[in-house]
file entry_35.tsv (TSV, C-alpha atoms and all ligand atoms)
chain	number	residue	atom	x	y	z
Z	136	MET	CA	0.85	39.45	118.57
Z	137	ALA	CA	-2.27	38.77	116.48
Z	138	ASN	CA	-5.41	38.30	118.59
Z	139	GLN	CA	-3.41	38.96	121.77
Z	140	LEU	CA	-4.12	41.91	123.98
Z	141	PRO	CA	-1.05	44.18	124.32
Z	142	THR	CA	0.86	43.68	127.57
Z	143	ILE	CA	2.87	46.04	129.72
Z	144	ASN	CA	6.02	44.50	128.21
Z	145	ASP	CA	4.83	45.36	124.71
Z	146	VAL	CA	4.33	48.95	125.86
Z	147	ALA	CA	7.78	49.00	127.48
Z	148	LYS	CA	9.40	47.63	124.34
Z	149	LEU	CA	7.71	50.15	122.05
Z	150	ALA	CA	8.52	52.99	124.43
Z	151	GLU	CA	12.12	51.75	124.82
Z	152	THR	CA	11.88	51.65	128.58
Z	153	SER	CA	11.15	49.12	131.35
Z	154	ALA	CA	7.84	47.63	132.43
Z	155	THR	CA	8.50	49.13	135.86
Z	156	THR	CA	8.70	52.59	134.35
Z	157	VAL	CA	5.48	51.99	132.43
Z	158	SER	CA	3.81	51.00	135.68
Z	159	HIS	CA	5.13	54.18	137.36
Z	160	VAL	CA	3.71	56.30	134.53
Z	161	ILE	CA	0.26	54.68	134.76
Z	162	ASN	CA	0.07	54.74	138.54
Z	163	GLU	CA	2.05	58.00	139.01
Z	164	THR	CA	3.99	56.24	141.77
Z	165	ARG	CA	7.35	57.81	140.87
Z	166	PHE	CA	8.65	60.77	138.83
Z	167	VAL	CA	9.29	59.86	135.18
Z	168	SER	CA	10.97	62.31	132.80
Z	169	PRO	CA	8.51	64.09	130.48
Z	170	ASP	CA	10.19	62.62	127.43
Z	171	THR	CA	9.93	59.03	128.71
Z	172	LYS	CA	6.38	59.68	129.95
Z	173	GLN	CA	5.37	60.91	126.52
Z	174	ARG	CA	6.89	57.83	124.85
Z	175	VAL	CA	4.99	55.59	127.27
Z	176	MET	CA	1.70	57.45	126.70
Z	177	ASP	CA	2.23	57.28	122.93
Z	178	ALA	CA	2.93	53.54	123.16
Z	179	ILE	CA	-0.18	52.94	125.33
Z	180	ARG	CA	-2.29	54.81	122.82
Z	181	ALA	CA	-0.70	53.16	119.79
Z	182	LEU	CA	-1.17	49.66	121.24
Z	183	GLY	CA	-4.56	50.36	122.84
Z	184	TYR	CA	-3.09	48.97	126.07
Z	185	ARG	CA	-5.28	48.50	129.12
Z	186	PRO	CA	-3.77	47.02	132.30
Z	187	ASN	CA	-4.92	43.47	132.79
Z	188	SER	CA	-8.27	43.71	134.57
Z	189	MET	CA	-7.18	40.89	136.94
Z	190	ALA	CA	-4.00	42.83	137.75
Z	191	ARG	CA	-6.11	45.89	138.29
Z	192	GLY	CA	-8.42	43.93	140.55
Z	193	LEU	CA	-5.41	42.57	142.45
Z	194	ARG	CA	-3.92	46.06	142.73
Z	195	SER	CA	-6.81	47.82	144.37
Z	196	GLY	CA	-10.10	46.97	142.71
Z	197	GLN	CA	-11.61	49.92	141.00
Z	198	SER	CA	-9.95	53.30	141.10
Z	199	LYS	CA	-13.19	54.69	142.57
Z	200	THR	CA	-12.81	57.70	140.30
Z	201	ILE	CA	-15.15	58.97	137.61
Z	202	GLY	CA	-14.26	61.32	134.77
Z	203	LEU	CA	-16.63	64.13	133.77
Z	204	ILE	CA	-15.91	65.99	130.52
Z	205	VAL	CA	-17.96	69.16	129.85
Z	206	PRO	CA	-17.52	71.90	127.21
Z	207	ASP	CA	-17.61	74.92	129.54
Z	208	ASN	CA	-18.03	74.66	133.30
Z	209	SER	CA	-18.44	78.44	133.56
Z	210	ASN	CA	-21.83	78.03	131.82
Z	211	PRO	CA	-24.40	77.63	134.62
Z	212	PHE	CA	-26.07	74.84	132.63
Z	213	PHE	CA	-22.97	72.64	132.91
Z	214	ALA	CA	-22.11	73.95	136.39
Z	215	GLU	CA	-25.50	72.79	137.68
Z	216	ILE	CA	-25.03	69.40	136.02
Z	217	LEU	CA	-21.52	68.77	137.38
Z	218	ARG	CA	-22.67	69.75	140.86
Z	219	ILE	CA	-25.29	66.99	140.82
Z	220	ILE	CA	-22.93	64.42	139.33
Z	221	GLU	CA	-20.15	65.19	141.82
Z	222	ASN	CA	-22.60	65.10	144.75
Z	223	TYR	CA	-24.09	61.76	143.83
Z	224	GLY	CA	-20.74	60.23	142.85
Z	225	TYR	CA	-19.26	61.26	146.19
Z	226	SER	CA	-22.22	59.77	148.06
Z	227	LYS	CA	-21.44	56.45	146.36
Z	228	GLY	CA	-17.74	56.59	147.22
Z	229	TYR	CA	-16.44	57.95	143.92
Z	230	SER	CA	-14.34	61.06	143.43
Z	231	VAL	CA	-14.99	62.99	140.23
Z	232	ILE	CA	-12.27	64.36	137.94
Z	233	LEU	CA	-13.71	67.41	136.18
Z	234	CYS	CA	-12.36	68.06	132.67
Z	235	ASN	CA	-13.31	71.34	130.98
Z	236	SER	CA	-12.75	70.98	127.23
Z	237	ASP	CA	-13.38	74.72	126.73
Z	238	GLY	CA	-14.99	74.06	123.38
Z	239	ASP	CA	-11.62	72.81	122.08
Z	240	VAL	CA	-11.70	69.31	120.56
Z	241	ASN	CA	-7.93	68.91	121.02
Z	242	LYS	CA	-8.34	69.58	124.71
Z	243	GLU	CA	-11.22	67.10	124.77
Z	244	ILE	CA	-8.99	64.46	123.15
Z	245	ALA	CA	-6.19	65.16	125.63
Z	246	TYR	CA	-8.62	64.73	128.51
Z	247	THR	CA	-9.97	61.44	127.18
Z	248	GLU	CA	-6.38	60.16	127.04
Z	249	LEU	CA	-5.69	61.41	130.56
Z	250	LEU	CA	-8.78	59.70	131.97
Z	251	TYR	CA	-7.82	56.52	130.13
Z	252	ALA	CA	-4.30	56.62	131.58
Z	253	LYS	CA	-5.69	57.27	135.04
Z	254	GLN	CA	-7.85	54.20	134.65
Z	255	VAL	CA	-11.01	55.94	135.77
Z	256	ASP	CA	-13.87	53.53	136.37
Z	257	GLY	CA	-16.27	55.41	134.10
Z	258	ILE	CA	-16.92	58.67	132.26
Z	259	VAL	CA	-19.87	61.05	131.85
Z	260	PHE	CA	-19.25	62.86	128.59
Z	261	ILE	CA	-20.71	65.99	127.02
Z	262	SER	CA	-19.09	66.62	123.65
Z	263	THR	CA	-17.73	69.88	122.34
Z	264	ASN	CA	-17.62	68.68	118.75
Z	265	ASN	CA	-19.05	65.81	116.72
Z	266	SER	CA	-15.78	63.92	116.10
Z	267	THR	CA	-15.82	60.43	117.63
Z	268	GLU	CA	-12.49	58.69	116.83
Z	269	HIS	CA	-11.04	59.46	120.26
Z	270	LEU	CA	-14.27	58.27	121.89
Z	271	GLU	CA	-14.21	54.94	120.07
Z	272	LYS	CA	-10.83	54.17	121.70
Z	273	LEU	CA	-12.39	54.74	125.08
Z	274	THR	CA	-15.45	52.61	124.43
Z	275	ASP	CA	-13.30	49.90	122.78
Z	276	SER	CA	-11.16	49.80	125.90
Z	277	GLY	CA	-14.20	48.84	127.95
Z	278	ILE	CA	-14.44	51.97	130.10
Z	279	PRO	CA	-18.17	52.55	130.74
Z	280	MET	CA	-19.24	55.90	129.28
Z	281	ILE	CA	-22.52	57.79	129.39
Z	282	VAL	CA	-23.04	60.38	126.64
Z	283	MET	CA	-25.18	63.22	127.95
Z	284	ASP	CA	-26.95	66.22	126.48
Z	285	ARG	CA	-25.20	66.25	123.08
Z	286	ASP	CA	-25.71	63.22	120.86
Z	287	VAL	CA	-22.63	61.77	119.15
Z	288	ASP	CA	-22.38	59.15	116.43
Z	289	LEU	CA	-21.33	56.20	118.63
Z	290	THR	CA	-22.98	52.79	118.56
Z	291	ASP	CA	-23.66	50.73	121.65
Z	292	THR	CA	-23.26	53.70	124.02
Z	293	ASP	CA	-25.73	54.95	126.62
Z	294	VAL	CA	-27.15	58.37	125.75
Z	295	ILE	CA	-29.28	60.70	127.91
Z	296	MET	CA	-30.49	63.94	126.32
Z	297	VAL	CA	-33.60	66.04	125.74
Z	298	ASP	CA	-35.85	66.35	122.69
Z	299	ASN	CA	-34.24	69.52	121.31
Z	300	TYR	CA	-36.43	69.54	118.21
Z	301	GLN	CA	-39.60	69.53	120.37
Z	302	GLY	CA	-38.14	72.30	122.53
Z	303	GLY	CA	-37.31	74.53	119.56
Z	304	TYR	CA	-40.76	73.90	118.11
Z	305	ALA	CA	-42.51	74.73	121.42
Z	306	ALA	CA	-40.56	77.98	121.84
Z	307	THR	CA	-41.44	79.18	118.37
Z	308	GLN	CA	-45.04	77.99	118.54
Z	309	TYR	CA	-45.49	79.97	121.78
Z	310	LEU	CA	-44.32	83.18	120.07
Z	311	ILE	CA	-46.61	82.49	117.12
Z	312	GLN	CA	-49.54	82.02	119.50
Z	313	LEU	CA	-48.70	85.48	120.88
Z	314	GLY	CA	-49.24	86.81	117.36
Z	315	HIS	CA	-45.59	87.26	116.31
Z	316	GLN	CA	-44.79	86.69	112.67
Z	317	ARG	CA	-41.27	88.09	112.32
Z	318	ILE	CA	-39.50	85.75	114.70
Z	319	ALA	CA	-35.71	85.69	114.73
Z	320	CYS	CA	-33.54	82.82	115.93
Z	321	ILE	CA	-30.10	83.08	117.54
Z	322	ALA	CA	-28.62	79.63	116.93
Z	323	GLY	CA	-25.80	77.90	118.78
Z	324	PRO	CA	-22.85	76.16	117.06
Z	325	SER	CA	-24.40	74.44	114.04
Z	326	LEU	CA	-22.10	71.39	114.43
Z	327	LEU	CA	-23.70	70.53	117.76
Z	328	THR	CA	-26.86	68.43	117.72
Z	329	PRO	CA	-28.75	70.43	120.37
Z	330	SER	CA	-28.62	73.66	118.39
Z	331	ALA	CA	-29.20	72.04	115.00
Z	332	ASP	CA	-32.32	70.26	116.29
Z	333	ARG	CA	-33.67	73.38	118.01
Z	334	VAL	CA	-33.37	75.33	114.78
Z	335	LYS	CA	-35.13	72.49	112.93
Z	336	GLY	CA	-37.98	72.79	115.44
Z	337	TYR	CA	-38.06	76.57	114.91
Z	338	ARG	CA	-38.32	76.14	111.14
Z	339	GLN	CA	-41.04	73.48	111.37
Z	340	ALA	CA	-43.16	75.61	113.71
Z	341	LEU	CA	-42.98	78.51	111.23
Z	342	GLU	CA	-43.91	76.21	108.36
Z	343	ASP	CA	-46.80	74.62	110.28
Z	344	ALA	CA	-48.17	78.14	110.96
Z	345	GLY	CA	-47.83	79.12	107.29
Z	346	LEU	CA	-45.10	81.67	108.08
Z	347	PRO	CA	-42.16	82.10	105.70
Z	348	TYR	CA	-38.65	81.05	106.74
Z	349	ASP	CA	-36.42	84.12	106.32
Z	350	GLU	CA	-32.78	83.12	106.69
Z	351	SER	CA	-31.84	86.76	107.40
Z	352	LEU	CA	-33.65	86.25	110.71
Z	353	VAL	CA	-31.35	83.38	111.75
Z	354	VAL	CA	-27.93	84.39	113.14
Z	355	SER	CA	-25.45	81.97	114.71
Z	356	GLY	CA	-23.79	82.40	118.10
Z	357	ASP	CA	-21.56	80.12	120.18
Z	358	PHE	CA	-23.77	79.59	123.25
Z	359	GLN	CA	-21.88	82.39	125.08
Z	360	VAL	CA	-23.47	85.67	126.28
Z	361	ASP	CA	-21.42	87.96	124.01
Z	362	SER	CA	-22.40	86.02	120.90
Z	363	GLY	CA	-26.07	86.53	121.77
Z	364	GLU	CA	-25.46	90.27	122.08
Z	365	SER	CA	-23.62	90.57	118.76
Z	366	ALA	CA	-26.15	88.36	116.96
Z	367	MET	CA	-28.99	90.54	118.26
Z	368	ARG	CA	-27.19	93.67	117.05
Z	369	VAL	CA	-27.09	92.16	113.55
Z	370	LEU	CA	-30.82	91.40	113.74
Z	371	LEU	CA	-31.59	94.97	114.84
Z	372	GLU	CA	-29.68	96.43	111.90
Z	373	GLY	CA	-32.02	94.75	109.40
Z	374	LYS	CA	-34.64	96.81	107.51
Z	375	HIS	CA	-37.55	95.11	109.27
Z	376	ARG	CA	-36.52	94.23	112.79
Z	377	PRO	CA	-38.09	91.12	114.36
Z	378	THR	CA	-40.83	91.47	117.01
Z	379	ALA	CA	-39.59	88.34	118.82
Z	380	VAL	CA	-36.43	86.29	119.12
Z	381	PHE	CA	-35.80	82.65	120.10
Z	382	ALA	CA	-32.27	82.20	121.49
Z	383	CYS	CA	-31.07	78.58	121.52
Z	384	ASN	CA	-29.74	78.92	125.07
Z	385	ASP	CA	-30.33	81.24	128.02
Z	386	LEU	CA	-26.85	82.80	128.00
Z	387	MET	CA	-27.32	84.03	124.43
Z	388	ALA	CA	-30.82	85.25	125.39
Z	389	LEU	CA	-29.21	87.36	128.16
Z	390	GLY	CA	-26.80	88.83	125.62
Z	391	ALA	CA	-29.66	89.55	123.21
Z	392	MET	CA	-31.57	91.34	125.98
Z	393	ARG	CA	-28.54	93.59	126.60
Z	394	ALA	CA	-28.35	94.51	122.90
Z	395	ILE	CA	-32.10	95.25	122.77
Z	396	ARG	CA	-31.89	97.56	125.78
Z	397	GLU	CA	-28.77	99.29	124.40
Z	398	ALA	CA	-30.74	99.99	121.22
Z	399	GLY	CA	-33.23	101.88	123.37
Z	400	LEU	CA	-35.90	99.24	122.98
Z	401	SER	CA	-38.01	97.55	125.68
Z	402	ILE	CA	-38.55	93.87	126.51
Z	403	PRO	CA	-41.18	92.56	125.91
Z	404	GLN	CA	-43.01	95.69	124.67
Z	405	ASP	CA	-40.80	96.11	121.58
Z	406	ILE	CA	-39.24	92.65	121.32
Z	407	SER	CA	-40.20	89.41	123.04
Z	408	VAL	CA	-37.33	87.11	124.03
Z	409	ILE	CA	-37.39	83.38	124.78
Z	410	GLY	CA	-34.38	81.24	125.73
Z	411	PHE	CA	-33.55	77.56	126.26
Z	412	ASP	CA	-32.11	75.71	129.32
Z	413	ASP	CA	-33.83	77.44	132.29
Z	414	ILE	CA	-30.61	78.11	134.21
Z	415	ALA	CA	-31.26	79.49	137.71
Z	416	LEU	CA	-30.25	83.01	136.59
Z	417	SER	CA	-33.23	83.19	134.19
Z	418	SER	CA	-35.70	83.75	137.03
Z	419	TYR	CA	-33.55	86.45	138.74
Z	420	ILE	CA	-33.12	88.94	135.91
Z	421	SER	CA	-35.64	91.66	135.05
Z	422	PRO	CA	-37.79	91.00	133.13
Z	423	THR	CA	-37.58	87.33	134.07
Z	424	LEU	CA	-36.81	85.13	131.07
Z	425	THR	CA	-39.39	82.95	129.41
Z	426	THR	CA	-37.55	79.82	128.40
Z	427	ILE	CA	-37.61	76.14	127.53
Z	428	ALA	CA	-36.58	74.16	130.60
Z	429	GLN	CA	-34.29	71.18	130.27
Z	430	PRO	CA	-34.81	68.60	133.06
Z	431	LEU	CA	-31.10	68.95	133.86
Z	432	LYS	CA	-31.38	67.60	137.41
Z	433	GLU	CA	-33.11	64.49	136.09
Z	434	MET	CA	-30.61	64.16	133.21
Z	435	ALA	CA	-27.58	64.54	135.48
Z	436	ARG	CA	-28.90	62.17	138.12
Z	437	ALA	CA	-29.92	59.53	135.57
Z	438	SER	CA	-26.48	59.77	133.92
Z	439	ILE	CA	-24.45	59.23	137.08
Z	440	GLU	CA	-26.80	56.51	138.36
Z	441	MET	CA	-26.60	54.63	135.07
Z	442	LEU	CA	-22.81	55.00	134.99
Z	443	ILE	CA	-22.36	53.60	138.48
Z	444	THR	CA	-24.61	50.64	137.79
Z	445	ARG	CA	-22.54	49.99	134.64
Z	446	ILE	CA	-19.30	50.26	136.62
Z	447	GLN	CA	-20.53	47.94	139.34
Z	448	GLY	CA	-21.86	45.52	136.79
Z	449	GLU	CA	-25.29	45.63	138.38
Z	450	THR	CA	-26.96	46.32	135.05
Z	451	VAL	CA	-28.75	43.17	134.06
Z	452	ASP	CA	-29.65	44.63	130.68
Z	453	LEU	CA	-26.31	45.12	128.89
Z	454	GLN	CA	-28.06	46.70	125.90
Z	455	ALA	CA	-27.07	50.39	125.57
Z	456	LYS	CA	-29.93	52.70	126.50
Z	457	ARG	CA	-31.00	55.87	124.73
Z	458	ARG	CA	-33.20	58.18	126.81
Z	459	VAL	CA	-34.71	61.34	125.28
Z	460	LEU	CA	-36.46	63.48	127.89
Z	461	PRO	CA	-39.14	66.10	127.15
Z	462	THR	CA	-38.56	69.81	127.72
Z	463	GLU	CA	-41.06	72.21	129.31
Z	464	LEU	CA	-42.14	75.77	128.37
Z	465	ILE	CA	-41.62	78.11	131.36
Z	466	ILE	CA	-43.62	81.31	130.85
Z	467	ARG	CA	-42.22	84.39	132.63
Z	468	GLU	CA	-42.10	88.12	131.77
Z	469	SER	CA	-39.94	88.47	128.65
Z	470	CYS	CA	-42.66	87.71	126.09
Z	471	MET	CA	-46.01	89.34	125.35
Z	472	LYS	CA	-48.82	89.41	122.79
Z	473	ILE	CA	-48.01	91.49	119.74
Z	474	GLY	CA	-49.72	94.87	119.81
Z	475	GLU	CA	-50.55	94.68	123.53
Z	476	ASP	CA	-49.53	97.63	125.74
D	501	LIG	O1	-26.03	76.40	127.38
D	501	LIG	C1	-25.26	75.37	126.82
D	501	LIG	C2	-26.04	74.59	125.82
D	501	LIG	O2	-25.20	73.54	125.37
D	501	LIG	C3	-27.28	73.97	126.43
D	501	LIG	O3	-28.44	74.31	125.69
D	501	LIG	C4	-27.02	72.49	126.45
D	501	LIG	O4	-28.03	71.73	125.79
D	501	LIG	C5	-25.66	72.31	125.84
D	501	LIG	O5	-25.67	71.42	124.76
call {"tool": "encode", "arguments": {"input": "entry_35.tsv", "output": "structure tokens"}}
result
Amino acid sequence: MANQLPTINDVAKLAETSATTVSHVINETRFVSPDTKQRVMDAIRALGYRPNSMARGLRSGQSKTIGLIVPDNSNPFFAEILRIIENYGYSKGYSVILCNSDGDVNKEIAYTELLYAKQVDGIVFISTNNSTEHLEKLTDSGIPMIVMDRDVDLTDTDVIMVDNYQGGYAATQYLIQLGHQRIACIAGPSLLTPSADRVKGYRQALEDAGLPYDESLVVSGDFQVDSGESAMRVLLEGKHRPTAVFACNDLMALGAMRAIREAGLSIPQDISVIGFDDIALSSYISPTLTTIAQPLKEMARASIEMLITRIQGETVDLQAKRRVLPTELIIRESCMKIGED
């Protein structure tokens, strides 16, 4: 079968079933026993089978569905993004299949296989890990995919994200300009590019201001509220508590604020707090949260627009695009000059 694309008969043979059954599994047009379905899915994956694009065209053109894989749709950051993507996709005649990987790479892999089997027309993907093997199968199969927010090591793939390093630098530089010198950082998962680059920006801003990097002032969280609270508790136990803290996302900043208040301290009088994302909640809490805004509306809209032009083949320039958008410092009430009343 060298140099020949696998056919539905090859899949049927490997799965020890009929081509009709394979077709029923792919199109979900009839019940197939779980055992047979699993054998068919395994054979499709093993052979890298994709239904003949002509046959697909003859069957019904595109599926008019788009897959959207996010790490945690309960996080307002992702919730706001998927809202924009679903809205715009619907306005262009596409329904969106939302896949919540829950920070679990195995779940992410299962969802990529599901979207492949459902023959979605394209995928907007936000990774939960930095493994790429399962993504290469998707891109090799020709399904258009836009990587958003979290960079992954894939060649020839469109990427839309923000300059996380610049954002981390700006957050820290702002605190330094307020006179803070003991600035803590609550990092996100170190494996993820956004957090790693924000921490790099934090470190560089300290260095550029001639301030020492004290690793006891950097505690890792997982981008969830509770991890921000527990990380802040650790920072408050230290001999010399920080006068300011940069949390690598707003949810962890909210958790840190709860820990600070529970320690009987005031924000920003005792400790200034700055976050990252600018989720809608940040301007409703008291004090309102100073943060680094991600242009998430622009990122989400650009991602879905680019995906649909890829799907519809309207993109003249086939070269993969890499767009890195700037962040913006949003000054609110949670930070103040050191020593001010
Ligand atoms: O709040 C979730 C975080 O993970 C955001 O900062 C976003 O960049 C995502 O990567």
call {"tool": "residues_around", "arguments": {"input": "entry_35.tsv", "residues": "Ala428 in chain Z", "least_positions_apart": "3", "cutoff": "9 Å", "atoms": "only C-alpha atoms", "output": "list in words"}}
result
Gly302, Gly410, Phe411, Asp412, Asp413, Ile414, Leu431, Thr462, Glu463, Leu464 and Ile465 of chain Z
call {"tool": "residues_near_ligand", "arguments": {"input": "entry_35.tsv", "ligand": "ligand LIG 501 (chain D)", "cutoff": "8 Å", "atoms": "only C-alpha atoms and all ligand atoms", "output": "PDB file with C-alpha atoms, in the frame of the given file"}}
result
ATOM      1  CA  ASN Z 210     -21.830  78.030 131.820  1.00  0.00           C
ATOM      2  CA  PRO Z 211     -24.400  77.630 134.620  1.00  0.00           C
ATOM      3  CA  PHE Z 212     -26.070  74.840 132.630  1.00  0.00           C
ATOM      4  CA  PHE Z 213     -22.970  72.640 132.910  1.00  0.00           C
ATOM      5  CA  ILE Z 261     -20.710  65.990 127.020  1.00  0.00           C
ATOM      6  CA  ASP Z 284     -26.950  66.220 126.480  1.00  0.00           C
ATOM      7  CA  ARG Z 285     -25.200  66.250 123.080  1.00  0.00           C
ATOM      8  CA  VAL Z 297     -33.600  66.040 125.740  1.00  0.00           C
ATOM      9  CA  ASN Z 299     -34.240  69.520 121.310  1.00  0.00           C
ATOM     10  CA  GLY Z 323     -25.800  77.900 118.780  1.00  0.00           C
ATOM     11  CA  LEU Z 327     -23.700  70.530 117.760  1.00  0.00           C
ATOM     12  CA  THR Z 328     -26.860  68.430 117.720  1.00  0.00           C
ATOM     13  CA  PRO Z 329     -28.750  70.430 120.370  1.00  0.00           C
ATOM     14  CA  SER Z 330     -28.620  73.660 118.390  1.00  0.00           C
ATOM     15  CA  PHE Z 358     -23.770  79.590 123.250  1.00  0.00           C
ATOM     16  CA  GLN Z 359     -21.880  82.390 125.080  1.00  0.00           C
ATOM     17  CA  CYS Z 383     -31.070  78.580 121.520  1.00  0.00           C
ATOM     18  CA  ASN Z 384     -29.740  78.920 125.070  1.00  0.00           C
ATOM     19  CA  ASP Z 385     -30.330  81.240 128.020  1.00  0.00           C
ATOM     20  CA  LEU Z 386     -26.850  82.800 128.000  1.00  0.00           C
ATOM     21  CA  PHE Z 411     -33.550  77.560 126.260  1.00  0.00           C
ATOM     22  CA  ASP Z 412     -32.110  75.710 129.320  1.00  0.00           C
ATOM     23  CA  GLN Z 429     -34.290  71.180 130.270  1.00  0.00           C
TER      24      GLN Z 429
END
call {"tool": "residues_around", "arguments": {"input": "entry_35.tsv", "residues": "Asp349 in chain Z", "least_positions_apart": "2", "cutoff": "9 Å", "atoms": "only C-alpha atoms", "output": "PyMOL selection string"}}
result
chain Z and resi 317+319+347+351-353
call {"tool": "closest_residue", "arguments": {"input": "entry_35.tsv", "among": "Z:Asn241, Z:Ser438, Z:Asn208, Z:Asn235", "to": "Ile295 in chain Z", "atoms": "only C-alpha atoms"}}
result
Z:Ser438
call {"tool": "axis_aligned_box", "arguments": {"input": "entry_35.tsv", "around": "range 166-184 of chain Z", "padding_each_side": "3 Å", "output": "JSON"}}
result
{"center_x": 3.2, "center_y": 56.5, "center_z": 129.3, "size_x": 21.5, "size_y": 21.1, "size_z": 25.0}
call {"tool": "closest_residue", "arguments": {"input": "entry_35.tsv", "among": "Z:Pro403, Z:Pro422, Z:Gly183, Z:Pro324", "to": "Thr274 in chain Z", "atoms": "all atoms listed in the file"}}
result
Z:Gly183
call {"tool": "atom_distance", "arguments": {"input": "entry_35.tsv", "atom1": "CA of Ala382 in chain Z", "atom2": "CA of Lys432 in chain Z"}}
result
21.6 Å
call {"tool": "atom_distance", "arguments": {"input": "entry_35.tsv", "atom1": "CA of Gln301 in chain Z", "atom2": "CA of Met441 in chain Z"}}
result
24.6 Å
call {"tool": "residues_around", "arguments": {"input": "entry_35.tsv", "residues": "Gly314 in chain Z", "least_positions_apart": "3", "cutoff": "12 Å", "atoms": "all atoms listed in the file", "output": "ChimeraX atom specification"}}
result
/Z:307-311,317-318,344,346,378-379,407,470-475
call {"tool": "atom_distance", "arguments": {"input": "entry_35.tsv", "atom1": "CA of Ala154 in chain Z", "atom2": "CA of Leu203 in chain Z"}}
result
29.5 Å
call {"tool": "closest_residue", "arguments": {"input": "entry_35.tsv", "among": "Z:His159, Z:His315, Z:Lys242, Z:Lys272", "to": "Ile143 in chain Z", "atoms": "only C-alpha atoms"}}
result
Z:His159
call {"tool": "residues_around", "arguments": {"input": "entry_35.tsv", "residues": "Leu371 in chain Z", "least_positions_apart": "6", "cutoff": "9 Å", "atoms": "all atoms listed in the file", "output": "list in words"}}
result
Pro377, Ala394, Ile395 and Ala398 of chain Z
call {"tool": "write_last_selection", "arguments": {"input": "entry_35.tsv", "atoms": "C-alpha atoms", "output": "mmCIF file, in the coordinates of the input"}}
result
data_model
loop_
_atom_site.group_PDB
_atom_site.id
_atom_site.type_symbol
_atom_site.label_atom_id
_atom_site.label_comp_id
_atom_site.auth_asym_id
_atom_site.auth_seq_id
_atom_site.Cartn_x
_atom_site.Cartn_y
_atom_site.Cartn_z
ATOM 1 C CA PRO Z 377 -38.090 91.120 114.360
ATOM 2 C CA ALA Z 394 -28.350 94.510 122.900
ATOM 3 C CA ILE Z 395 -32.100 95.250 122.770
ATOM 4 C CA ALA Z 398 -30.740 99.990 121.220
#
call {"tool": "closest_residue", "arguments": {"input": "entry_35.tsv", "among": "Z:Tyr229, Z:Leu182, Z:Ile244, Z:Ile409", "to": "Thr263 in chain Z", "atoms": "all atoms listed in the file"}}
result
Z:Ile244
call {"tool": "closest_residue", "arguments": {"input": "entry_35.tsv", "among": "Z:His269, Z:Lys456, Z:Arg445, Z:Arg396", "to": "Asp291 in chain Z", "atoms": "all atoms listed in the file"}}
result
Z:Lys456
call {"tool": "closest_residue", "arguments": {"input": "entry_35.tsv", "among": "Z:Asp298, Z:Asp256, Z:Glu350, Z:Glu221", "to": "Lys199 in chain Z", "atoms": "all atoms listed in the file"}}
result
Z:Asp256
call {"tool": "residues_around", "arguments": {"input": "entry_35.tsv", "residues": "Pro141 in chain Z", "least_positions_apart": "6", "cutoff": "12 Å", "atoms": "all atoms listed in the file", "output": "JSON, numbers by chain"}}
result
{"Z": [147, 148, 149, 178, 179, 180, 181, 182, 183, 184, 185, 186, 187, 276]}
call {"tool": "write_last_selection", "arguments": {"input": "entry_35.tsv", "atoms": "C-alpha atoms", "output": "PDB file, in the coordinates of the input"}}
result
ATOM      1  CA  ALA Z 147       7.780  49.000 127.480  1.00  0.00           C
ATOM      2  CA  LYS Z 148       9.400  47.630 124.340  1.00  0.00           C
ATOM      3  CA  LEU Z 149       7.710  50.150 122.050  1.00  0.00           C
ATOM      4  CA  ALA Z 178       2.930  53.540 123.160  1.00  0.00           C
ATOM      5  CA  ILE Z 179      -0.180  52.940 125.330  1.00  0.00           C
ATOM      6  CA  ARG Z 180      -2.290  54.810 122.820  1.00  0.00           C
ATOM      7  CA  ALA Z 181      -0.700  53.160 119.790  1.00  0.00           C
ATOM      8  CA  LEU Z 182      -1.170  49.660 121.240  1.00  0.00           C
ATOM      9  CA  GLY Z 183      -4.560  50.360 122.840  1.00  0.00           C
ATOM     10  CA  TYR Z 184      -3.090  48.970 126.070  1.00  0.00           C
ATOM     11  CA  ARG Z 185      -5.280  48.500 129.120  1.00  0.00           C
ATOM     12  CA  PRO Z 186      -3.770  47.020 132.300  1.00  0.00           C
ATOM     13  CA  ASN Z 187      -4.920  43.470 132.790  1.00  0.00           C
ATOM     14  CA  SER Z 276     -11.160  49.800 125.900  1.00  0.00           C
TER      15      SER Z 276
END
call {"tool": "build_atoms", "arguments": {"input": "entry_35.tsv", "residues": "range 455-460 of chain Z", "atoms": "N, CA and C atoms", "output": "tab-separated table (two decimals), keeping the file's coordinate frame"}}
result
chain	number	residue	atom	x	y	z
Z	455	ALA	N	-27.21	48.93	125.36
Z	455	ALA	CA	-27.07	50.39	125.57
Z	455	ALA	C	-28.46	51.03	125.55
Z	456	LYS	N	-28.64	52.01	126.43
Z	456	LYS	CA	-29.93	52.70	126.50
Z	456	LYS	C	-29.82	54.08	125.90
Z	457	ARG	N	-30.94	54.54	125.31
Z	457	ARG	CA	-31.00	55.87	124.73
Z	457	ARG	C	-32.24	56.54	125.32
Z	458	ARG	N	-32.05	57.53	126.18
Z	458	ARG	CA	-33.20	58.18	126.81
Z	458	ARG	C	-33.29	59.61	126.31
Z	459	VAL	N	-34.46	59.98	125.78
Z	459	VAL	CA	-34.71	61.34	125.28
Z	459	VAL	C	-35.83	61.93	126.13
Z	460	LEU	N	-35.49	62.93	126.94
Z	460	LEU	CA	-36.46	63.48	127.89
Z	460	LEU	C	-37.16	64.69	127.29
